[in-house]
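Raw contents of start35.pdb, PDB, C-alpha atoms:
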ATOM      1  CA  MET A  22     156.933 102.989 174.440  1.00  0.00           C
ATOM      2  CA  THR A  23     160.585 102.127 173.930  1.00  0.00           C
ATOM      3  CA  LEU A  24     161.039  98.389 174.267  1.00  0.00           C
ATOM      4  CA  THR A  25     164.327  96.513 174.430  1.00  0.00           C
ATOM      5  CA  ILE A  26     164.601  92.729 174.287  1.00  0.00           C
ATOM      6  CA  ARG A  27     167.860  91.286 175.574  1.00  0.00           C
ATOM      7  CA  PRO A  28     169.208  88.143 177.226  1.00  0.00           C
ATOM      8  CA  SER A  29     168.154  88.099 180.850  1.00  0.00           C
ATOM      9  CA  GLN A  30     170.657  89.007 183.523  1.00  0.00           C
ATOM     10  CA  ALA A  31     170.955  87.937 187.146  1.00  0.00           C
ATOM     11  CA  GLY A  32     169.946  91.480 188.122  1.00  0.00           C
ATOM     12  CA  ASP A  33     166.545  90.922 186.496  1.00  0.00           C
ATOM     13  CA  LEU A  34     165.594  88.122 188.895  1.00  0.00           C
ATOM     14  CA  LEU A  35     163.710  90.209 191.473  1.00  0.00           C
ATOM     15  CA  ALA A  36     161.459  91.631 188.767  1.00  0.00           C
ATOM     16  CA  ILE A  37     161.129  88.266 186.996  1.00  0.00           C
ATOM     17  CA  GLN A  38     160.091  86.598 190.247  1.00  0.00           C
ATOM     18  CA  ALA A  39     157.545  89.345 190.996  1.00  0.00           C
ATOM     19  CA  ILE A  40     155.995  89.044 187.519  1.00  0.00           C
ATOM     20  CA  TYR A  41     155.819  85.268 187.747  1.00  0.00           C
ATOM     21  CA  ALA A  42     154.465  85.348 191.311  1.00  0.00           C
ATOM     22  CA  HIS A  43     151.614  87.592 190.158  1.00  0.00           C
ATOM     23  CA  HIS A  44     150.679  85.144 187.381  1.00  0.00           C
ATOM     24  CA  VAL A  45     150.941  82.141 189.727  1.00  0.00           C
ATOM     25  CA  ARG A  46     148.685  83.780 192.331  1.00  0.00           C
ATOM     26  CA  HIS A  47     146.121  85.380 190.013  1.00  0.00           C
ATOM     27  CA  GLY A  48     146.259  83.667 186.641  1.00  0.00           C
ATOM     28  CA  LEU A  49     146.015  80.354 184.874  1.00  0.00           C
ATOM     29  CA  GLY A  50     149.031  80.697 182.577  1.00  0.00           C
ATOM     30  CA  SER A  51     151.075  78.697 185.063  1.00  0.00           C
ATOM     31  CA  PHE A  52     149.734  75.646 186.831  1.00  0.00           C
ATOM     32  CA  GLU A  53     151.996  76.289 189.808  1.00  0.00           C
ATOM     33  CA  GLU A  54     149.996  77.352 192.839  1.00  0.00           C
ATOM     34  CA  VAL A  55     152.761  78.629 195.121  1.00  0.00           C
ATOM     35  CA  PRO A  56     155.180  81.161 193.642  1.00  0.00           C
ATOM     36  CA  PRO A  57     158.816  80.072 193.788  1.00  0.00           C
ATOM     37  CA  ASP A  58     161.188  82.431 195.576  1.00  0.00           C
ATOM     38  CA  VAL A  59     163.940  84.419 193.881  1.00  0.00           C
ATOM     39  CA  ALA A  60     166.569  81.767 194.601  1.00  0.00           C
ATOM     40  CA  GLU A  61     164.470  79.060 192.920  1.00  0.00           C
ATOM     41  CA  MET A  62     163.751  81.304 189.937  1.00  0.00           C
ATOM     42  CA  GLY A  63     167.501  81.890 189.687  1.00  0.00           C
ATOM     43  CA  ARG A  64     168.200  78.135 189.750  1.00  0.00           C
ATOM     44  CA  ARG A  65     165.637  77.538 187.017  1.00  0.00           C
ATOM     45  CA  ARG A  66     167.018  80.363 184.870  1.00  0.00           C
ATOM     46  CA  HIS A  67     170.585  79.163 185.326  1.00  0.00           C
ATOM     47  CA  ALA A  68     169.671  75.570 184.384  1.00  0.00           C
ATOM     48  CA  LEU A  69     167.948  76.678 181.166  1.00  0.00           C
ATOM     49  CA  ILE A  70     170.819  78.932 180.129  1.00  0.00           C
ATOM     50  CA  ALA A  71     173.361  76.206 180.984  1.00  0.00           C
ATOM     51  CA  ASP A  72     171.426  73.835 178.694  1.00  0.00           C
ATOM     52  CA  GLY A  73     171.663  76.393 175.871  1.00  0.00           C
ATOM     53  CA  PHE A  74     168.089  77.671 175.854  1.00  0.00           C
ATOM     54  CA  PRO A  75     167.354  81.379 175.336  1.00  0.00           C
ATOM     55  CA  TYR A  76     166.026  83.312 178.346  1.00  0.00           C
ATOM     56  CA  LEU A  77     164.997  86.864 177.479  1.00  0.00           C
ATOM     57  CA  THR A  78     163.975  90.018 179.318  1.00  0.00           C
ATOM     58  CA  ALA A  79     161.904  92.884 177.918  1.00  0.00           C
ATOM     59  CA  LEU A  80     162.699  96.368 179.202  1.00  0.00           C
ATOM     60  CA  ALA A  81     160.274  99.279 178.827  1.00  0.00           C
ATOM     61  CA  GLN A  82     161.615 102.650 179.884  1.00  0.00           C
ATOM     62  CA  GLY A  83     164.446 100.845 181.663  1.00  0.00           C
ATOM     63  CA  ARG A  84     162.171  98.603 183.769  1.00  0.00           C
ATOM     64  CA  VAL A  85     161.589  94.871 183.347  1.00  0.00           C
ATOM     65  CA  ALA A  86     158.248  94.530 181.565  1.00  0.00           C
ATOM     66  CA  GLY A  87     158.315  90.807 180.910  1.00  0.00           C
ATOM     67  CA  PHE A  88     160.397  87.721 180.309  1.00  0.00           C
ATOM     68  CA  ALA A  89     160.326  84.679 178.074  1.00  0.00           C
ATOM     69  CA  TYR A  90     162.294  81.522 177.689  1.00  0.00           C
ATOM     70  CA  ALA A  91     162.409  78.288 175.767  1.00  0.00           C
ATOM     71  CA  SER A  92     162.751  74.951 177.463  1.00  0.00           C
ATOM     72  CA  ARG A  93     162.899  71.301 176.581  1.00  0.00           C
ATOM     73  CA  TYR A  94     159.462  70.131 175.445  1.00  0.00           C
ATOM     74  CA  LEU A  95     159.879  66.602 176.814  1.00  0.00           C
ATOM     75  CA  ALA A  96     162.911  64.752 178.142  1.00  0.00           C
ATOM     76  CA  ARG A  97     163.116  61.827 175.699  1.00  0.00           C
ATOM     77  CA  SER A  98     165.910  62.255 173.143  1.00  0.00           C
ATOM     78  CA  ALA A  99     163.657  62.152 170.072  1.00  0.00           C
ATOM     79  CA  TYR A 100     162.145  65.464 171.246  1.00  0.00           C
ATOM     80  CA  ARG A 101     165.529  67.256 171.191  1.00  0.00           C
ATOM     81  CA  PHE A 102     164.563  69.474 168.242  1.00  0.00           C
ATOM     82  CA  THR A 103     161.352  70.670 169.897  1.00  0.00           C
ATOM     83  CA  VAL A 104     161.074  73.452 172.464  1.00  0.00           C
ATOM     84  CA  GLN A 105     158.282  74.869 174.574  1.00  0.00           C
ATOM     85  CA  ASP A 106     157.856  78.599 175.015  1.00  0.00           C
ATOM     86  CA  SER A 107     156.950  80.467 178.207  1.00  0.00           C
ATOM     87  CA  ILE A 108     156.084  84.190 178.289  1.00  0.00           C
ATOM     88  CA  TYR A 109     155.090  86.371 181.226  1.00  0.00           C
ATOM     89  CA  VAL A 110     154.380  90.095 181.122  1.00  0.00           C
ATOM     90  CA  THR A 111     153.940  92.476 184.023  1.00  0.00           C
ATOM     91  CA  PRO A 112     150.229  93.276 184.498  1.00  0.00           C
ATOM     92  CA  ASP A 113     150.628  96.977 183.675  1.00  0.00           C
ATOM     93  CA  ARG A 114     152.174  96.151 180.268  1.00  0.00           C
ATOM     94  CA  LEU A 115     149.673  93.593 178.981  1.00  0.00           C
ATOM     95  CA  ARG A 116     148.346  94.201 175.458  1.00  0.00           C
ATOM     96  CA  GLN A 117     151.115  96.696 174.683  1.00  0.00           C
ATOM     97  CA  GLY A 118     153.253  94.516 172.397  1.00  0.00           C
ATOM     98  CA  VAL A 119     155.636  93.189 175.066  1.00  0.00           C
ATOM     99  CA  GLY A 120     154.544  89.555 174.670  1.00  0.00           C
ATOM    100  CA  ARG A 121     154.664  89.808 170.872  1.00  0.00           C
ATOM    101  CA  ALA A 122     158.193  91.230 170.963  1.00  0.00           C
ATOM    102  CA  LEU A 123     159.376  88.561 173.407  1.00  0.00           C
ATOM    103  CA  LEU A 124     157.822  85.662 171.499  1.00  0.00           C
ATOM    104  CA  GLY A 125     159.070  86.980 168.149  1.00  0.00           C
ATOM    105  CA  ARG A 126     162.638  87.170 169.433  1.00  0.00           C
ATOM    106  CA  LEU A 127     162.334  83.762 171.117  1.00  0.00           C
ATOM    107  CA  ILE A 128     161.219  82.231 167.796  1.00  0.00           C
ATOM    108  CA  GLU A 129     164.201  83.833 166.031  1.00  0.00           C
ATOM    109  CA  GLU A 130     166.711  82.603 168.595  1.00  0.00           C
ATOM    110  CA  CYS A 131     165.345  79.067 168.693  1.00  0.00           C
ATOM    111  CA  THR A 132     165.348  78.901 164.894  1.00  0.00           C
ATOM    112  CA  THR A 133     168.958  80.095 164.777  1.00  0.00           C
ATOM    113  CA  GLN A 134     169.914  77.407 167.304  1.00  0.00           C
ATOM    114  CA  GLY A 135     168.502  74.689 165.037  1.00  0.00           C
ATOM    115  CA  PHE A 136     165.277  73.804 166.805  1.00  0.00           C
ATOM    116  CA  ARG A 137     162.499  72.701 164.428  1.00  0.00           C
ATOM    117  CA  GLN A 138     159.239  72.926 166.372  1.00  0.00           C
ATOM    118  CA  MET A 139     157.935  75.201 169.114  1.00  0.00           C
ATOM    119  CA  ILE A 140     155.082  74.135 171.366  1.00  0.00           C
ATOM    120  CA  ALA A 141     152.884  76.453 173.405  1.00  0.00           C
ATOM    121  CA  ILE A 142     150.937  74.939 176.283  1.00  0.00           C
ATOM    122  CA  ILE A 143     148.458  77.654 177.220  1.00  0.00           C
ATOM    123  CA  GLY A 144     146.677  77.401 180.526  1.00  0.00           C
ATOM    124  CA  ASP A 145     142.938  78.046 180.213  1.00  0.00           C
ATOM    125  CA  SER A 146     141.072  77.704 176.934  1.00  0.00           C
ATOM    126  CA  ALA A 147     139.545  81.121 177.698  1.00  0.00           C
ATOM    127  CA  ASN A 148     142.988  82.784 177.591  1.00  0.00           C
ATOM    128  CA  GLU A 149     142.169  84.585 174.355  1.00  0.00           C
ATOM    129  CA  GLY A 150     145.109  86.991 174.634  1.00  0.00           C
ATOM    130  CA  SER A 151     147.769  84.272 174.665  1.00  0.00           C
ATOM    131  CA  ILE A 152     145.986  82.159 172.062  1.00  0.00           C
ATOM    132  CA  HIS A 153     145.668  85.183 169.746  1.00  0.00           C
ATOM    133  CA  LEU A 154     149.311  86.164 170.296  1.00  0.00           C
ATOM    134  CA  HIS A 155     150.528  82.715 169.376  1.00  0.00           C
ATOM    135  CA  ARG A 156     148.194  82.466 166.375  1.00  0.00           C
ATOM    136  CA  THR A 157     149.419  85.806 164.965  1.00  0.00           C
ATOM    137  CA  LEU A 158     153.012  84.542 165.181  1.00  0.00           C
ATOM    138  CA  GLY A 159     152.325  81.390 163.200  1.00  0.00           C
ATOM    139  CA  PHE A 160     151.124  78.864 165.774  1.00  0.00           C
ATOM    140  CA  ALA A 161     148.217  76.560 165.008  1.00  0.00           C
ATOM    141  CA  THR A 162     145.995  74.965 167.610  1.00  0.00           C
ATOM    142  CA  THR A 163     146.657  71.241 167.725  1.00  0.00           C
ATOM    143  CA  GLY A 164     144.329  70.303 170.563  1.00  0.00           C
ATOM    144  CA  THR A 165     142.838  71.017 173.945  1.00  0.00           C
ATOM    145  CA  LEU A 166     143.372  68.911 177.027  1.00  0.00           C
ATOM    146  CA  LYS A 167     140.137  69.284 178.973  1.00  0.00           C
ATOM    147  CA  ALA A 168     140.130  69.914 182.722  1.00  0.00           C
ATOM    148  CA  VAL A 169     143.720  68.755 183.298  1.00  0.00           C
ATOM    149  CA  GLY A 170     144.427  71.275 186.054  1.00  0.00           C
ATOM    150  CA  PHE A 171     142.512  72.440 189.099  1.00  0.00           C
ATOM    151  CA  LYS A 172     143.442  75.962 190.120  1.00  0.00           C
ATOM    152  CA  LEU A 173     141.736  78.960 191.668  1.00  0.00           C
ATOM    153  CA  GLY A 174     138.710  76.839 192.516  1.00  0.00           C
ATOM    154  CA  ARG A 175     137.976  75.474 189.060  1.00  0.00           C
ATOM    155  CA  TRP A 176     139.013  72.957 186.437  1.00  0.00           C
ATOM    156  CA  VAL A 177     141.311  74.393 183.786  1.00  0.00           C
ATOM    157  CA  ASP A 178     142.055  73.264 180.229  1.00  0.00           C
ATOM    158  CA  SER A 179     145.413  73.379 178.459  1.00  0.00           C
ATOM    159  CA  VAL A 180     145.443  74.518 174.844  1.00  0.00           C
ATOM    160  CA  LEU A 181     148.219  73.022 172.728  1.00  0.00           C
ATOM    161  CA  MET A 182     149.608  75.094 169.877  1.00  0.00           C
ATOM    162  CA  GLN A 183     152.528  74.371 167.563  1.00  0.00           C
ATOM    163  CA  ARG A 184     154.709  76.310 165.156  1.00  0.00           C
ATOM    164  CA  PRO A 185     157.425  75.020 162.839  1.00  0.00           C
ATOM    165  CA  LEU A 186     160.826  76.683 163.133  1.00  0.00           C
ATOM    166  CA  GLY A 187     163.051  77.065 160.089  1.00  0.00           C
ATOM    167  CA  SER A 188     162.217  74.286 157.657  1.00  0.00           C
ATOM    168  CA  GLY A 189     160.249  72.447 160.333  1.00  0.00           C
ATOM    169  CA  ALA A 190     159.753  68.817 159.345  1.00  0.00           C
ATOM    170  CA  ALA A 191     160.491  69.403 155.644  1.00  0.00           C
ATOM    171  CA  THR A 192     164.157  68.419 155.993  1.00  0.00           C
ATOM    172  CA  ARG A 193     166.289  66.309 158.291  1.00  0.00           C
ATOM    173  CA  PRO A 194     167.664  68.224 161.284  1.00  0.00           C
ATOM    174  CA  ASP A 195     171.313  69.162 161.610  1.00  0.00           C
ATOM    175  CA  GLU A 196     172.429  66.807 164.377  1.00  0.00           C
ATOM    176  CA  THR A 197     175.298  69.131 165.288  1.00  0.00           C
ATOM    177  CA  GLY A 198     173.119  72.224 165.810  1.00  0.00           C
ATOM    178  CA  VAL A 199     171.068  71.295 168.876  1.00  0.00           C
TER     179      VAL A 199
END

Let me see the file written as structure tokens.
Amino acid sequence: MTLTIRPSQAGDLLAIQAIYAHHVRHGLGSFEEVPPDVAEMGRRRHALIADGFPYLTALAQGRVAGFAYASRYLARSAYRFTVQDSIYVTPDRLRQGVGRALLGRLIEECTTQGFRQMIAIIGDSANEGSIHLHRTLGFATTGTLKAVGFKLGRWVDSVLMQRPLGSGAATRPDETGV
């Protein structure tokens, strides 16, 4: 499979919304319960890009196979060097390296931009695929929040994972970079 990772484009939004809607309706990776429409997905994408965060699209054989983006971890200023990752892959491309390629590129871009920590908040402690993906790319499990969401008729955990970017906490951050 030929896979291309590039910055997302407005023309990707229909496919991005369809991928996300599938995961909202059928999965536990997002704790949203009603899929946002294309216009809302476009507003969210635009806001992240305007704030300087990477928003990526994976193309397989010319079709959108997944997307990933980084966002602010928490709003307080002391968290400004920490980002949270989000990755969604179309159901027919799961376990084919799309998520790995997206997350790898997202890590590179966030490191280049001067961020120092990346947090993954994985819905469902049974989500072995996402936990394994993050672990293979250098994330360590830092904790599990038990039964913090109720979706699809059951209580759902959130698994917290963390990965240093660049020199992580070993040096002071460059205040001009982020």

Among the residues A:Gly48, A:Gly83, A:Gly135, A:Gly187, the one that comes closest to Tyr109 (chain A) [using all atoms listed in the file]:
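The shortest atom-to-atom distance to Tyr109 (chain A) comes from A:Gly48.
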
Taking the file above as input, evaluate the PyMOL selection byres ((chain A and resi 41) around 12) and report the hits as JSON, numbers by chain.
{"A": [34, 35, 36, 37, 38, 39, 40, 42, 43, 44, 45, 46, 47, 48, 49, 50, 51, 52, 53, 54, 55, 56, 57, 58, 59, 61, 62, 86, 87, 88, 89, 107, 108, 109, 110, 111, 112]}

With distances taken over all atoms listed in the file, the candidate from A:Gly150, A:Pro194, A:Gly63, A:Gly164 nearest Val180 (chain A) is A:Gly164

Residues at most 8 Å from Tyr94 (chain A), counting only C-alpha atoms, excluding those fewer than 4 positions away in the same chain, as a list in words?
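Skipping anything fewer than 4 positions along the chain leaves Tyr100, Arg101, Thr103, Val104, Gln105 and Ile140 of chain A.
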
Would you kindly return, as an mmCIF file with C-alpha atoms, keeping the file's coordinate frame, each protein, DNA or RNA residue with an atom no farther than 8 Å from any atom of Leu186 (chain A), considering only C-alpha atoms and excluding same-chain residues fewer than 5 positions away?
data_model
loop_
_atom_site.group_PDB
_atom_site.id
_atom_site.type_symbol
_atom_site.label_atom_id
_atom_site.label_comp_id
_atom_site.auth_asym_id
_atom_site.auth_seq_id
_atom_site.Cartn_x
_atom_site.Cartn_y
_atom_site.Cartn_z
ATOM 1 C CA ILE A 128 161.219 82.231 167.796
ATOM 2 C CA CYS A 131 165.345 79.067 168.693
ATOM 3 C CA THR A 132 165.348 78.901 164.894
ATOM 4 C CA PHE A 136 165.277 73.804 166.805
ATOM 5 C CA ARG A 137 162.499 72.701 164.428
ATOM 6 C CA GLN A 138 159.239 72.926 166.372
ATOM 7 C CA MET A 139 157.935 75.201 169.114
#

Residue with smallest distance to Ala81 (chain A) - pool A:Thr133, A:Thr23, A:Gln30, A:Thr165, counting only C-alpha atoms
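Among the listed residues, the smallest separation from Ala81 (chain A) belongs to A:Thr23.
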
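Here CA of Gly120 (chain A) is placed at a distance of 12.0 Å from CA of Thr25 (chain A).
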
Atoms kept (N, CA and C atoms) for region 132-145 of chain A, as a PDB file, in the first residue's frame:
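Output saved as part.pdb:
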ATOM      1  N   THR A 132       7.608  17.857  17.856  1.00  0.00           N
ATOM      2  CA  THR A 132       8.971  18.023  18.354  1.00  0.00           C
ATOM      3  C   THR A 132       9.628  19.218  17.677  1.00  0.00           C
ATOM      4  N   THR A 133       9.499  19.304  16.370  1.00  0.00           N
ATOM      5  CA  THR A 133      10.075  20.418  15.611  1.00  0.00           C
ATOM      6  C   THR A 133       9.513  21.755  16.079  1.00  0.00           C
ATOM      7  N   GLN A 134       8.244  21.774  16.462  1.00  0.00           N
ATOM      8  CA  GLN A 134       7.613  23.019  16.911  1.00  0.00           C
ATOM      9  C   GLN A 134       7.975  23.392  18.347  1.00  0.00           C
ATOM     10  N   GLY A 135       8.722  22.539  19.041  1.00  0.00           N
ATOM     11  CA  GLY A 135       9.200  22.878  20.373  1.00  0.00           C
ATOM     12  C   GLY A 135       8.371  22.342  21.525  1.00  0.00           C
ATOM     13  N   PHE A 136       7.377  21.523  21.234  1.00  0.00           N
ATOM     14  CA  PHE A 136       6.624  20.912  22.326  1.00  0.00           C
ATOM     15  C   PHE A 136       7.509  19.888  23.020  1.00  0.00           C
ATOM     16  N   ARG A 137       7.261  19.632  24.318  1.00  0.00           N
ATOM     17  CA  ARG A 137       8.139  18.769  25.101  1.00  0.00           C
ATOM     18  C   ARG A 137       7.496  17.490  25.609  1.00  0.00           C
ATOM     19  N   GLN A 138       6.174  17.432  25.631  1.00  0.00           N
ATOM     20  CA  GLN A 138       5.491  16.226  26.091  1.00  0.00           C
ATOM     21  C   GLN A 138       4.270  16.003  25.197  1.00  0.00           C
ATOM     22  N   MET A 139       3.970  14.740  24.942  1.00  0.00           N
ATOM     23  CA  MET A 139       2.743  14.391  24.225  1.00  0.00           C
ATOM     24  C   MET A 139       1.959  13.422  25.092  1.00  0.00           C
ATOM     25  N   ILE A 140       0.676  13.706  25.237  1.00  0.00           N
ATOM     26  CA  ILE A 140      -0.225  12.909  26.052  1.00  0.00           C
ATOM     27  C   ILE A 140      -1.211  12.198  25.130  1.00  0.00           C
ATOM     28  N   ALA A 141      -1.450  10.941  25.408  1.00  0.00           N
ATOM     29  CA  ALA A 141      -2.508  10.189  24.729  1.00  0.00           C
ATOM     30  C   ALA A 141      -3.552   9.852  25.790  1.00  0.00           C
ATOM     31  N   ILE A 142      -4.788  10.177  25.498  1.00  0.00           N
ATOM     32  CA  ILE A 142      -5.904   9.801  26.368  1.00  0.00           C
ATOM     33  C   ILE A 142      -6.733   8.812  25.556  1.00  0.00           C
ATOM     34  N   ILE A 143      -6.573   7.536  25.869  1.00  0.00           N
ATOM     35  CA  ILE A 143      -7.153   6.460  25.069  1.00  0.00           C
ATOM     36  C   ILE A 143      -8.439   5.976  25.719  1.00  0.00           C
ATOM     37  N   GLY A 144      -9.522   6.102  24.977  1.00  0.00           N
ATOM     38  CA  GLY A 144     -10.801   5.627  25.468  1.00  0.00           C
ATOM     39  C   GLY A 144     -10.833   4.112  25.478  1.00  0.00           C
ATOM     40  N   ASP A 145     -11.162   3.538  26.603  1.00  0.00           N
ATOM     41  CA  ASP A 145     -11.347   2.102  26.798  1.00  0.00           C
ATOM     42  C   ASP A 145     -10.025   1.396  27.089  1.00  0.00           C
TER      43      ASP A 145
END
